[in-house]
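What follows is the content of model_13.tsv, which has TSV, C-alpha atoms and all ligand atoms:
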```tsv
chain	number	residue	atom	x	y	z
A	6	MET	CA	0.00	0.00	0.00
A	7	ASN	CA	1.19	3.52	-0.75
A	8	LYS	CA	-0.16	7.05	-0.99
A	9	PRO	CA	-0.72	7.10	-4.81
A	10	THR	CA	-2.86	3.94	-4.54
A	11	VAL	CA	-4.96	5.53	-1.80
A	12	VAL	CA	-5.32	8.81	-3.71
A	13	ASP	CA	-6.34	6.96	-6.91
A	14	ARG	CA	-8.98	4.95	-5.07
A	15	PHE	CA	-10.27	8.09	-3.37
A	16	ARG	CA	-10.59	9.84	-6.76
A	17	ALA	CA	-12.41	6.84	-8.23
A	18	LEU	CA	-14.91	6.84	-5.36
A	19	PHE	CA	-15.43	10.53	-4.73
A	20	GLY	CA	-14.36	12.20	-7.99
A	21	ARG	CA	-11.67	14.43	-6.49
A	22	ALA	CA	-8.37	14.25	-4.62
A	23	PRO	CA	-8.30	13.98	-0.81
A	24	ASP	CA	-7.25	17.03	1.21
A	25	PHE	CA	-5.17	14.88	3.57
A	26	VAL	CA	-3.89	11.31	3.87
A	27	ALA	CA	-2.75	9.86	7.20
A	28	ARG	CA	-1.25	6.48	7.97
A	29	ALA	CA	-0.93	4.60	11.26
A	30	PRO	CA	0.80	1.23	11.76
A	31	GLY	CA	-0.29	-1.96	13.46
A	32	ARG	CA	1.64	-3.13	16.48
A	33	ILE	CA	3.08	-6.16	18.23
A	34	GLU	CA	3.06	-6.55	22.00
A	35	PHE	CA	6.78	-7.31	22.36
A	36	ILE	CA	6.88	-7.98	26.11
A	37	GLY	CA	4.81	-6.83	29.09
A	38	ASN	CA	1.85	-9.18	29.23
A	39	HIS	CA	-1.25	-7.89	31.09
A	40	THR	CA	0.97	-5.28	32.74
A	41	ASP	CA	-0.92	-2.23	31.45
A	42	TYR	CA	-3.94	-2.33	33.77
A	43	ASN	CA	-1.61	-3.12	36.67
A	44	GLY	CA	0.19	0.21	36.19
A	45	GLY	CA	3.25	-1.53	34.79
A	46	THR	CA	5.54	-1.15	31.83
A	47	VAL	CA	5.35	-2.63	28.33
A	48	LEU	CA	7.43	-2.70	25.16
A	49	GLY	CA	5.71	-2.76	21.77
A	50	ALA	CA	6.80	-2.62	18.15
A	51	ALA	CA	5.08	-0.60	15.43
A	52	ILE	CA	5.24	-2.77	12.30
A	53	ASP	CA	5.66	-1.98	8.62
A	54	ARG	CA	1.96	-2.48	7.81
A	55	GLY	CA	-0.90	-0.19	8.66
A	56	VAL	CA	-4.11	1.65	7.81
A	57	TRP	CA	-4.25	4.68	5.49
A	58	VAL	CA	-7.07	7.20	5.86
A	59	ALA	CA	-7.81	9.81	3.18
A	60	VAL	CA	-10.27	12.66	3.77
A	61	ALA	CA	-11.67	15.68	1.95
A	62	ALA	CA	-13.95	18.32	3.47
A	63	ARG	CA	-17.53	18.75	2.24
A	64	THR	CA	-19.49	21.92	2.75
A	65	ASP	CA	-22.91	20.36	2.11
A	66	GLY	CA	-23.44	18.25	5.22
A	67	PRO	CA	-23.07	14.48	4.95
A	68	ARG	CA	-20.16	12.34	6.02
A	69	ARG	CA	-19.46	9.66	3.43
A	70	PHE	CA	-17.43	6.62	4.50
A	71	ALA	CA	-15.72	3.97	2.36
A	72	THR	CA	-13.20	1.20	3.05
A	73	ASP	CA	-11.25	-1.23	0.91
A	74	GLN	CA	-12.65	-3.99	3.14
A	75	ARG	CA	-16.23	-3.58	1.89
A	76	ASP	CA	-18.10	-2.39	-1.19
A	77	GLY	CA	-20.09	0.80	-1.25
A	78	VAL	CA	-20.15	4.22	0.33
A	79	LEU	CA	-22.08	4.87	3.50
A	80	ALA	CA	-23.54	8.36	3.97
A	81	LEU	CA	-24.32	9.55	7.50
A	82	ALA	CA	-25.63	12.92	8.59
A	83	ALA	CA	-23.10	15.23	10.25
A	84	GLY	CA	-23.79	15.85	13.90
A	85	ALA	CA	-23.44	13.70	17.02
A	86	PRO	CA	-22.20	10.24	15.91
A	87	GLU	CA	-24.53	7.32	16.52
A	88	LYS	CA	-23.27	3.80	16.96
A	89	GLN	CA	-23.70	1.65	13.83
A	90	ALA	CA	-24.57	-2.05	13.62
A	91	GLY	CA	-24.18	-4.78	11.00
A	92	ALA	CA	-22.29	-4.01	7.77
A	93	ALA	CA	-21.78	-0.39	8.86
A	94	SER	CA	-20.21	-1.31	12.20
A	95	TRP	CA	-16.66	-0.71	10.95
A	96	THR	CA	-17.51	3.02	10.85
A	97	ASN	CA	-17.72	2.93	14.66
A	98	TYR	CA	-13.93	3.38	14.67
A	99	PRO	CA	-13.87	6.74	12.80
A	100	LEU	CA	-17.20	7.73	14.41
A	101	GLY	CA	-15.68	6.95	17.81
A	102	ILE	CA	-12.89	9.42	17.03
A	103	LEU	CA	-15.44	12.11	16.09
A	104	ALA	CA	-17.23	11.43	19.37
A	105	ALA	CA	-13.97	11.48	21.38
A	106	LEU	CA	-12.50	14.74	20.04
A	107	PRO	CA	-14.73	17.08	22.11
A	108	ALA	CA	-13.77	15.17	25.29
A	109	PHE	CA	-10.24	16.49	24.70
A	110	GLY	CA	-11.32	20.06	23.93
A	111	LEU	CA	-10.93	19.44	20.18
A	112	ARG	CA	-13.36	20.11	17.33
A	113	ALA	CA	-14.79	17.37	15.10
A	114	PRO	CA	-15.12	18.13	11.38
A	115	GLY	CA	-18.60	18.54	9.83
A	116	GLY	CA	-19.17	16.94	6.42
A	117	PHE	CA	-16.41	15.01	4.63
A	118	ASP	CA	-15.56	12.14	2.31
A	119	TYR	CA	-13.50	9.40	3.98
A	120	LEU	CA	-11.65	6.34	2.72
A	121	ALA	CA	-9.73	3.73	4.78
A	122	MET	CA	-7.29	1.33	3.10
A	123	SER	CA	-5.12	-1.25	4.75
A	124	ASP	CA	-2.31	-3.76	4.28
A	125	LEU	CA	-2.70	-4.97	7.85
A	126	PRO	CA	-4.72	-8.13	8.55
A	127	LEU	CA	-7.88	-7.31	10.51
A	128	GLY	CA	-8.63	-9.16	13.74
A	129	ALA	CA	-5.18	-10.83	13.78
A	130	GLY	CA	-3.99	-9.34	17.06
A	131	LEU	CA	-1.96	-6.63	15.30
A	132	SER	CA	-4.40	-3.92	16.36
A	133	SER	CA	-5.87	-2.78	13.08
A	134	SER	CA	-8.44	-1.13	15.34
A	135	ALA	CA	-5.83	1.20	16.86
A	136	ALA	CA	-4.37	1.82	13.40
A	137	ILE	CA	-7.71	2.95	11.95
A	138	GLU	CA	-8.43	5.03	15.06
A	139	VAL	CA	-5.11	6.85	15.10
A	140	SER	CA	-5.01	7.43	11.33
A	141	SER	CA	-8.60	8.69	11.42
A	142	ALA	CA	-7.75	11.02	14.30
A	143	LEU	CA	-4.79	12.52	12.40
A	144	ALA	CA	-6.87	12.96	9.25
A	145	PHE	CA	-9.78	14.64	11.08
A	146	LEU	CA	-7.40	16.90	13.00
A	147	ALA	CA	-5.69	17.98	9.77
A	148	LEU	CA	-9.09	18.68	8.24
A	149	THR	CA	-9.95	21.02	11.10
A	150	ASN	CA	-6.47	22.58	11.27
A	151	GLN	CA	-5.74	21.38	14.81
A	152	ALA	CA	-2.41	19.92	15.95
A	153	PRO	CA	-2.55	18.56	19.50
A	154	SER	CA	0.37	16.59	20.96
A	155	ARG	CA	1.04	13.03	19.84
A	156	GLU	CA	0.07	11.90	23.33
A	157	THR	CA	-3.35	13.51	22.96
A	158	VAL	CA	-3.89	11.87	19.57
A	159	VAL	CA	-3.10	8.49	21.13
A	160	LYS	CA	-5.50	9.14	24.00
A	161	VAL	CA	-8.27	10.19	21.60
A	162	GLY	CA	-7.81	6.83	19.86
A	163	ARG	CA	-8.03	4.87	23.07
A	164	HIS	CA	-11.04	6.88	24.21
A	165	ALA	CA	-12.83	5.97	20.96
A	166	GLU	CA	-12.12	2.28	21.45
A	167	ASN	CA	-13.05	2.24	25.15
A	168	HIS	CA	-16.14	4.44	25.06
A	169	PHE	CA	-17.62	4.28	21.55
A	170	VAL	CA	-16.57	0.88	20.20
A	171	GLY	CA	-16.75	-0.50	23.75
A	172	VAL	CA	-13.50	-2.48	23.98
A	173	PRO	CA	-11.66	-1.95	27.29
A	174	CYS	CA	-8.11	-1.91	25.81
A	175	GLY	CA	-5.14	-0.32	27.59
A	176	ILE	CA	-2.88	2.38	26.11
A	177	LEU	CA	-0.47	-0.09	24.43
A	178	ASP	CA	-2.21	-0.35	21.06
A	179	GLN	CA	-2.69	3.32	20.27
A	180	GLY	CA	0.52	4.31	22.11
A	181	VAL	CA	2.70	2.07	19.95
A	182	SER	CA	0.87	3.04	16.75
A	183	GLY	CA	1.39	6.70	17.61
A	184	PHE	CA	4.93	6.65	19.00
A	185	GLY	CA	6.49	3.85	16.90
A	186	GLN	CA	9.71	4.37	14.97
A	187	LYS	CA	11.57	2.20	12.51
A	188	ASN	CA	14.28	0.14	14.25
A	189	ARG	CA	12.97	1.14	17.66
A	190	LEU	CA	10.55	-0.30	20.22
A	191	VAL	CA	8.08	1.83	22.12
A	192	PHE	CA	8.40	1.74	25.90
A	193	ILE	CA	5.31	2.74	27.87
A	194	ASP	CA	5.09	3.28	31.59
A	195	CYS	CA	1.35	2.95	31.98
A	196	ARG	CA	1.30	4.93	35.21
A	197	GLY	CA	1.74	8.27	33.39
A	198	PRO	CA	1.36	7.14	30.81
A	199	HIS	CA	4.92	8.03	29.76
A	200	PHE	CA	6.18	7.17	26.30
A	201	ASP	CA	9.74	6.54	25.19
A	202	THR	CA	11.54	4.55	22.50
A	203	VAL	CA	14.41	2.07	22.71
A	204	SER	CA	16.73	1.07	19.86
A	205	LEU	CA	16.23	-2.39	18.33
A	206	PRO	CA	19.19	-3.74	16.30
A	207	ALA	CA	18.41	-3.45	12.58
A	208	GLY	CA	18.74	-7.20	11.86
A	209	ALA	CA	15.83	-8.14	14.11
A	210	HIS	CA	12.81	-9.67	12.38
A	211	PHE	CA	9.36	-10.62	13.62
A	212	TRP	CA	7.38	-13.65	12.59
A	213	ILE	CA	3.78	-13.89	13.72
A	214	PHE	CA	2.00	-17.24	13.79
A	215	ASN	CA	-1.71	-16.62	14.16
A	216	THR	CA	-3.60	-19.72	15.27
A	217	HIS	CA	-7.05	-18.17	14.80
A	218	THR	CA	-8.04	-19.98	17.99
A	219	LYS	CA	-10.03	-18.16	20.62
A	220	HIS	CA	-11.14	-19.52	23.99
A	221	ALA	CA	-14.93	-19.67	24.15
A	222	LEU	CA	-14.92	-17.96	27.56
A	223	ILE	CA	-12.32	-15.35	26.64
A	224	ASP	CA	-14.19	-12.27	27.94
A	225	GLY	CA	-14.86	-13.91	31.30
A	226	LEU	CA	-11.24	-15.08	31.53
A	227	TYR	CA	-9.92	-11.54	30.94
A	228	ALA	CA	-12.31	-10.23	33.56
A	229	SER	CA	-11.29	-12.85	36.11
A	230	ARG	CA	-7.54	-12.22	35.55
A	231	HIS	CA	-8.18	-8.49	35.97
A	232	ARG	CA	-10.09	-9.13	39.19
A	233	GLU	CA	-7.42	-11.48	40.55
A	234	CYS	CA	-4.71	-8.88	39.93
A	235	MET	CA	-6.74	-6.22	41.78
A	236	GLU	CA	-7.36	-8.64	44.67
A	237	ALA	CA	-3.67	-9.54	44.89
A	238	ALA	CA	-2.70	-5.85	44.98
A	239	LYS	CA	-5.24	-5.20	47.73
A	240	ALA	CA	-4.01	-8.17	49.76
A	241	LEU	CA	-0.44	-6.88	49.42
A	242	GLY	CA	-1.55	-3.42	50.58
A	243	VAL	CA	-0.67	-1.57	47.36
A	244	ALA	CA	-2.77	0.40	44.88
A	245	GLN	CA	-1.55	-1.68	41.94
A	246	LEU	CA	0.82	-4.59	41.35
A	247	ALA	CA	3.37	-2.31	39.66
A	248	ASP	CA	4.06	-0.98	43.17
A	249	VAL	CA	5.43	-4.37	44.29
A	250	THR	CA	9.13	-5.00	43.64
A	251	PRO	CA	10.38	-8.55	42.98
A	252	ALA	CA	12.23	-8.42	46.34
A	253	VAL	CA	9.09	-7.47	48.27
A	254	PHE	CA	7.10	-10.05	46.36
A	255	ALA	CA	9.62	-12.77	47.23
A	256	GLN	CA	9.01	-12.01	50.92
A	257	ARG	CA	5.27	-11.41	50.89
A	258	GLY	CA	3.90	-13.23	47.84
A	259	THR	CA	3.69	-16.57	49.65
A	260	SER	CA	1.16	-15.12	52.10
A	261	LEU	CA	-1.37	-14.80	49.25
A	262	PRO	CA	-3.83	-17.54	48.32
A	263	ALA	CA	-2.08	-19.79	45.77
A	264	THR	CA	-3.94	-18.59	42.66
A	265	LEU	CA	-3.54	-14.89	43.48
A	266	SER	CA	0.13	-15.50	44.24
A	267	ARG	CA	0.70	-17.00	40.79
A	268	ARG	CA	-1.14	-14.18	39.01
A	269	ALA	CA	0.85	-11.55	40.90
A	270	ALA	CA	4.12	-13.44	40.27
A	271	HIS	CA	3.46	-13.16	36.54
A	272	ILE	CA	2.82	-9.42	36.64
A	273	VAL	CA	5.73	-8.61	38.96
A	274	GLY	CA	7.99	-10.87	36.87
A	275	GLU	CA	6.80	-9.38	33.57
A	276	ILE	CA	7.52	-5.85	34.72
A	277	ALA	CA	11.01	-6.98	35.77
A	278	ARG	CA	11.50	-8.66	32.40
A	279	VAL	CA	10.49	-5.48	30.54
A	280	GLY	CA	13.30	-3.78	32.46
A	281	GLU	CA	15.75	-6.59	31.63
A	282	VAL	CA	14.85	-6.42	27.94
A	283	ARG	CA	15.36	-2.66	27.92
A	284	GLY	CA	18.81	-3.18	29.44
A	285	ALA	CA	19.71	-5.97	27.01
A	286	LEU	CA	18.60	-3.85	24.04
A	287	GLY	CA	20.93	-1.11	25.25
A	288	LYS	CA	23.77	-3.63	24.75
A	289	ASP	CA	22.39	-4.97	21.43
A	290	ASP	CA	22.12	-8.35	23.16
A	291	LEU	CA	19.30	-10.04	21.23
A	292	ALA	CA	20.19	-13.43	22.74
A	293	ALA	CA	19.36	-12.09	26.22
A	294	VAL	CA	16.20	-10.45	24.85
A	295	GLY	CA	15.14	-13.83	23.41
A	296	LEU	CA	15.61	-15.58	26.76
A	297	ALA	CA	13.35	-13.01	28.41
A	298	LEU	CA	10.70	-13.57	25.71
A	299	ASN	CA	10.81	-17.33	26.40
A	300	ALA	CA	10.61	-16.68	30.15
A	301	SER	CA	7.59	-14.43	29.59
A	302	HIS	CA	5.82	-17.24	27.78
A	303	ALA	CA	6.71	-19.79	30.45
A	304	SER	CA	5.23	-17.45	33.04
A	305	SER	CA	2.04	-17.09	30.99
A	306	ARG	CA	1.82	-20.86	30.77
A	307	THR	CA	2.41	-21.68	34.43
A	308	GLN	CA	1.55	-18.56	36.46
A	309	PHE	CA	-1.01	-16.49	34.61
A	310	GLU	CA	-2.49	-19.48	32.81
A	311	ASN	CA	-3.42	-17.44	29.74
A	312	SER	CA	-1.66	-19.71	27.26
A	313	THR	CA	-3.17	-22.65	25.38
A	314	PRO	CA	-1.76	-25.97	24.07
A	315	GLU	CA	-1.65	-24.45	20.57
A	316	LEU	CA	0.43	-21.43	21.64
A	317	ASP	CA	2.68	-23.60	23.85
A	318	PHE	CA	3.33	-25.93	20.94
A	319	LEU	CA	4.40	-23.09	18.64
A	320	VAL	CA	6.72	-21.63	21.28
A	321	GLU	CA	8.22	-25.07	21.94
A	322	ILE	CA	8.94	-25.71	18.25
A	323	LEU	CA	10.33	-22.22	17.76
A	324	ALA	CA	12.68	-22.75	20.72
A	325	THR	CA	14.51	-25.43	18.72
A	326	ALA	CA	14.26	-23.75	15.28
A	327	PRO	CA	17.41	-22.14	13.84
A	328	HIS	CA	17.99	-18.35	13.99
A	329	VAL	CA	15.22	-17.79	16.56
A	330	TYR	CA	16.12	-15.62	19.57
A	331	GLY	CA	12.91	-16.29	21.44
A	332	ALA	CA	9.14	-16.56	21.18
A	333	ARG	CA	6.08	-15.86	23.27
A	334	LEU	CA	2.34	-15.45	23.01
A	335	THR	CA	1.56	-11.87	22.05
A	336	GLY	CA	-1.56	-10.06	23.23
A	337	GLY	CA	-4.07	-11.15	25.81
A	338	GLY	CA	-3.64	-14.90	25.33
A	339	PHE	CA	-6.31	-17.62	25.62
A	340	GLY	CA	-5.69	-18.18	21.89
A	341	GLY	CA	-4.47	-15.78	19.24
A	342	ALA	CA	-0.90	-15.49	18.06
A	343	VAL	CA	2.72	-16.26	18.90
A	344	MET	CA	5.51	-13.85	18.03
A	345	ALA	CA	9.06	-14.98	17.30
A	346	LEU	CA	12.04	-12.64	17.31
A	347	THR	CA	14.52	-13.93	14.76
A	348	ALA	CA	17.75	-13.12	12.95
A	349	GLU	CA	17.56	-12.19	9.28
A	350	LYS	CA	18.58	-15.75	8.33
A	351	PHE	CA	15.30	-17.22	9.56
A	352	ALA	CA	13.60	-17.90	6.23
A	353	GLU	CA	10.12	-18.49	4.86
A	354	SER	CA	11.02	-22.21	4.62
A	355	ASP	CA	11.84	-22.24	8.36
A	356	ALA	CA	8.50	-20.62	9.13
A	357	ARG	CA	6.70	-23.14	6.93
A	358	LYS	CA	8.29	-26.03	8.84
A	359	VAL	CA	6.91	-24.61	12.07
A	360	ALA	CA	3.46	-24.25	10.47
A	361	GLU	CA	3.61	-27.82	9.10
A	362	ALA	CA	4.45	-29.29	12.50
A	363	TYR	CA	1.53	-27.32	13.94
A	364	ALA	CA	-0.80	-28.54	11.17
A	365	GLN	CA	0.13	-32.17	11.85
A	366	LYS	CA	-0.74	-31.83	15.50
A	367	PHE	CA	-3.78	-29.56	15.40
A	368	ASP	CA	-5.17	-30.18	11.93
A	369	ALA	CA	-5.27	-26.45	11.18
A	370	VAL	CA	-2.80	-24.11	9.48
A	371	PRO	CA	-1.63	-20.98	11.27
A	372	ASP	CA	-1.27	-17.76	9.25
A	373	ILE	CA	2.34	-16.65	8.93
A	374	LEU	CA	3.24	-12.98	8.79
A	375	HIS	CA	6.80	-11.69	8.47
A	376	THR	CA	7.34	-8.10	9.49
A	377	GLN	CA	9.85	-5.62	10.81
A	378	THR	CA	9.53	-2.42	12.78
A	379	GLY	CA	8.05	0.58	10.99
A	380	ASP	CA	7.35	4.23	11.59
A	381	GLY	CA	4.54	5.54	13.77
A	382	ALA	CA	1.43	7.42	12.72
A	383	ALA	CA	1.82	10.51	10.54
A	384	LEU	CA	0.24	12.52	7.76
A	385	VAL	CA	1.76	11.27	4.50
A	401	LIG	P1	-7.47	-6.08	15.69
A	401	LIG	O1	-7.39	-4.74	16.34
A	401	LIG	O2	-6.67	-7.11	16.40
A	401	LIG	O3	-7.14	-6.06	14.23
A	401	LIG	P2	-10.23	-5.74	16.32
A	401	LIG	O4	-11.39	-6.67	16.30
A	401	LIG	O5	-9.93	-4.99	17.54
A	401	LIG	O6	-8.98	-6.58	15.81
A	401	LIG	O7	-10.43	-4.65	15.18
A	401	LIG	C1	-10.75	-5.05	13.85
A	401	LIG	C2	-11.88	-4.16	13.32
A	401	LIG	O8	-11.36	-2.86	13.02
A	401	LIG	C3	-12.43	-4.66	12.01
A	401	LIG	O9	-13.41	-5.65	12.20
A	401	LIG	C4	-13.00	-3.38	11.41
A	401	LIG	O10	-14.27	-3.08	11.97
A	401	LIG	C5	-12.03	-2.32	11.89
A	401	LIG	N1	-11.01	-2.02	10.87
A	401	LIG	C6	-9.69	-2.14	10.95
A	401	LIG	N2	-9.08	-1.77	9.82
A	401	LIG	C7	-10.05	-1.38	8.97
A	401	LIG	C8	-10.09	-0.90	7.62
A	401	LIG	N3	-8.99	-0.73	6.90
A	401	LIG	N4	-11.30	-0.62	7.09
A	401	LIG	C9	-12.43	-0.79	7.79
A	401	LIG	N5	-12.46	-1.25	9.05
A	401	LIG	C10	-11.30	-1.54	9.65
A	402	MG	MG	-8.14	-4.27	18.26
```
Is it possible to express this structure as structure tokens?
Ligand code: ADP
Ligand code: MG
Amino acid sequence: MNKPTVVDRFRALFGRAPDFVARAPGRIEFIGNHTDYNGGTVLGAAIDRGVWVAVAARTDGPRRFATDQRDGVLALAAGAPEKQAGAASWTNYPLGILAALPAFGLRAPGGFDYLAMSDLPLGAGLSSSAAIEVSSALAFLALTNQAPSRETVVKVGRHAENHFVGVPCGILDQGVSGFGQKNRLVFIDCRGPHFDTVSLPAGAHFWIFNTHTKHALIDGLYASRHRECMEAAKALGVAQLADVTPAVFAQRGTSLPATLSRRAAHIVGEIARVGEVRGALGKDDLAAVGLALNASHASSRTQFENSTPELDFLVEILATAPHVYGARLTGGGFGGAVMALTAEKFAESDARKVAEAYAQKFDAVPDILHTQTGDGAALV
């Protein structure tokens, strides 16, 4: 995908060039599993695929929406956005941005023509939702001649997802899409939130194996992990688990009921591992980074119990594959995808071997996606 393709499509649909085109990337949760709502830290990678949004102002009222994912143009009246259902439900992402802007003291545009195009798989755990939110936000802000801070843009995106779309995501998705940089990871301290970037050696590659599995009780499982973390923090006398150091946890963790102790061990350990990975990246030590990724997965498997046999199998195979530094489940868990950090030498044929072994065992083929870091959201 590139800007000329988006502009051509926009012209074909709306009969004129867009006023602005914005692009925002998808993201990978690199390490820092379930740490966000515990006030912890997380490292994410913006990838080299994303969502493009083109817009042009209209003076005559309606807002017309189109996407490369569906046929047709949907016209909605300007004014307070109303939540859409069925085939129009994808517009809840840009509509959520329009609804969120006033909450940040920003103006929403009136009428416009809008086109979203993407080279990012949807619903694959790479946060196409954050990508369409952040790119829409940048396009709408350009249309209304407003330029708030990057942090505000990211928060507008999250607000749209939490309050309009109705998904209770943390700041990771939009934060990484907004603050990503090629050859760097985004570090977020969720307590601020504070955003920073850390250098990632240029030879590092990502391979995503998406199992397309999803635990039937996934929403309830997220809710119960969230509740267990809050209970553990309360029992330890802190506001959130990020306030517990590994040393304090070693002393006091055993006083917790066994399940709460394991959940807290995962969070406290993950936050420590995010710190270790940051340190190892500072020394370009991808081998040490890989060990921390493997340790993160092991902790998901045994302590947080948000892995599955499918994800464990992929991580196990990848641990013995050549040119792999490490692998872990990425995202919330209970199904979904595994991410491997590899050297450049890890080839398509190596990835296919992993997928074939998986297919033999589970009678299903995982999707394979090879990607590297890419730049964060911007007008293009
Ligand atoms: P993920 O964020 O992991 O990709 P989500 O279910 O959170 O999965 O978000 C996917 C949804 O985002 C899609 O079903 C669609 O409604 C919307 N979306 C993302 N990208 C686009 C796009 N280019 N055009 C239209 N809708 C999109
Ligand atoms: Mg999403």
*Which of these, A:Thr218, A:Gln377, A:Ser301, A:Ser132, has the shortest distance to ligand LIG 401 (chain A) once you count all atoms listed in the file?*
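Once distances to ligand LIG 401 (chain A) are computed over all atoms listed in the file, the minimum belongs to A:Ser132.
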_Which residues are near ligand LIG 401 (chain A) in this structure, taking near to mean any atom at most 6 Å from a ligand atom and counting all atoms listed in the file? Format them as a PyMOL selection string._
chain A and resi 56+72+74+95+121-123+127-134+137
Which residues are close to Leu48 in chain A, i.e. within 9 Å by all atoms listed in the file, leaving aside same-chain residues fewer than 2 positions away? Reply as an mmCIF file with C-alpha atoms, keeping the file's coordinate frame.
```
data_model
loop_
_atom_site.group_PDB
_atom_site.id
_atom_site.type_symbol
_atom_site.label_atom_id
_atom_site.label_comp_id
_atom_site.auth_asym_id
_atom_site.auth_seq_id
_atom_site.Cartn_x
_atom_site.Cartn_y
_atom_site.Cartn_z
ATOM 1 C CA ILE A 33 3.080 -6.160 18.230
ATOM 2 C CA GLU A 34 3.060 -6.550 22.000
ATOM 3 C CA PHE A 35 6.780 -7.310 22.360
ATOM 4 C CA ILE A 36 6.880 -7.980 26.110
ATOM 5 C CA GLY A 37 4.810 -6.830 29.090
ATOM 6 C CA THR A 46 5.540 -1.150 31.830
ATOM 7 C CA ALA A 50 6.800 -2.620 18.150
ATOM 8 C CA LEU A 177 -0.470 -0.090 24.430
ATOM 9 C CA VAL A 181 2.700 2.070 19.950
ATOM 10 C CA LEU A 190 10.550 -0.300 20.220
ATOM 11 C CA VAL A 191 8.080 1.830 22.120
ATOM 12 C CA PHE A 192 8.400 1.740 25.900
ATOM 13 C CA ILE A 193 5.310 2.740 27.870
ATOM 14 C CA THR A 202 11.540 4.550 22.500
ATOM 15 C CA VAL A 203 14.410 2.070 22.710
ATOM 16 C CA VAL A 279 10.490 -5.480 30.540
ATOM 17 C CA VAL A 282 14.850 -6.420 27.940
ATOM 18 C CA ARG A 283 15.360 -2.660 27.920
#
```
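The shortest atom-to-atom distance to Asp201 in chain A, with all atoms listed in the file taken into account, belongs to A:Val47 out of A:Val370, A:Val47, A:Leu384, A:Ala297.
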*Near Thr149 in chain A, within 12 Å and counting only C-alpha atoms, which residues show up once chain neighbours fewer than 3 positions away are dropped, as JSON, numbers by chain?*
{"A": [24, 25, 60, 61, 62, 63, 103, 106, 111, 112, 113, 114, 115, 116, 117, 142, 143, 144, 145, 146, 152, 153]}
*State, in Å with one decimal place, the distance from CA of Phe169 in chain A to CA of Ala342 in chain A.*
26.1 Å
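Put simply, CA of Ser140 in chain A is 25.4 Å away from CA of Asn38 in chain A.
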Edge lengths and centre in Å to one decimal, as JSON, is what I'm after for the box along x, y and z that holds all listed atoms of range 29-35 of chain A once 3 Å is added on each side.
```
{"center_x": 2.9, "center_y": -1.4, "center_z": 16.8, "size_x": 13.7, "size_y": 17.9, "size_z": 17.1}
```
*Of the candidates A:Lys88, A:Arg32, A:Lys160, A:Lys239, which one gets nearest to ligand MG 402 (chain A) if we count only C-alpha atoms and all ligand atoms?*
A:Arg32
*Which residue out of A:His39, A:Val359, A:His199, A:Lys187 has the minimum interatomic distance to Ser304 in chain A when all atoms listed in the file are used?*
A:His39
*Neighbours of His220 in chain A within 10 Å (all atoms listed in the file; same-chain residues fewer than 3 positions away dropped), as a list in words?*
Ile223, Asp224, Gly225, Leu226, Asn311, Thr313, Gly338, Phe339, Gly340 and Gly341 of chain A
*Best match for closeness to Asp317 in chain A among A:Pro126, A:Gly242, A:Thr216, A:Ala252, counting all atoms listed in the file*: A:Thr216
For Ala326 in chain A: contacts at 10 Å, all atoms listed in the file, fewer than 6 positions along chain excluded, given as a compact mmCIF listing (two decimals) with C-alpha atoms, keeping the file's coordinate frame:
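New file around.txt:
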```
# COMPACT_ATOMS: atom_id res chain seq x y z
CA VAL A 320 6.72 -21.63 21.28
CA THR A 347 14.52 -13.93 14.76
CA PHE A 351 15.30 -17.22 9.56
CA ASP A 355 11.84 -22.24 8.36
CA ALA A 356 8.50 -20.62 9.13
CA LYS A 358 8.29 -26.03 8.84
CA VAL A 359 6.91 -24.61 12.07
```
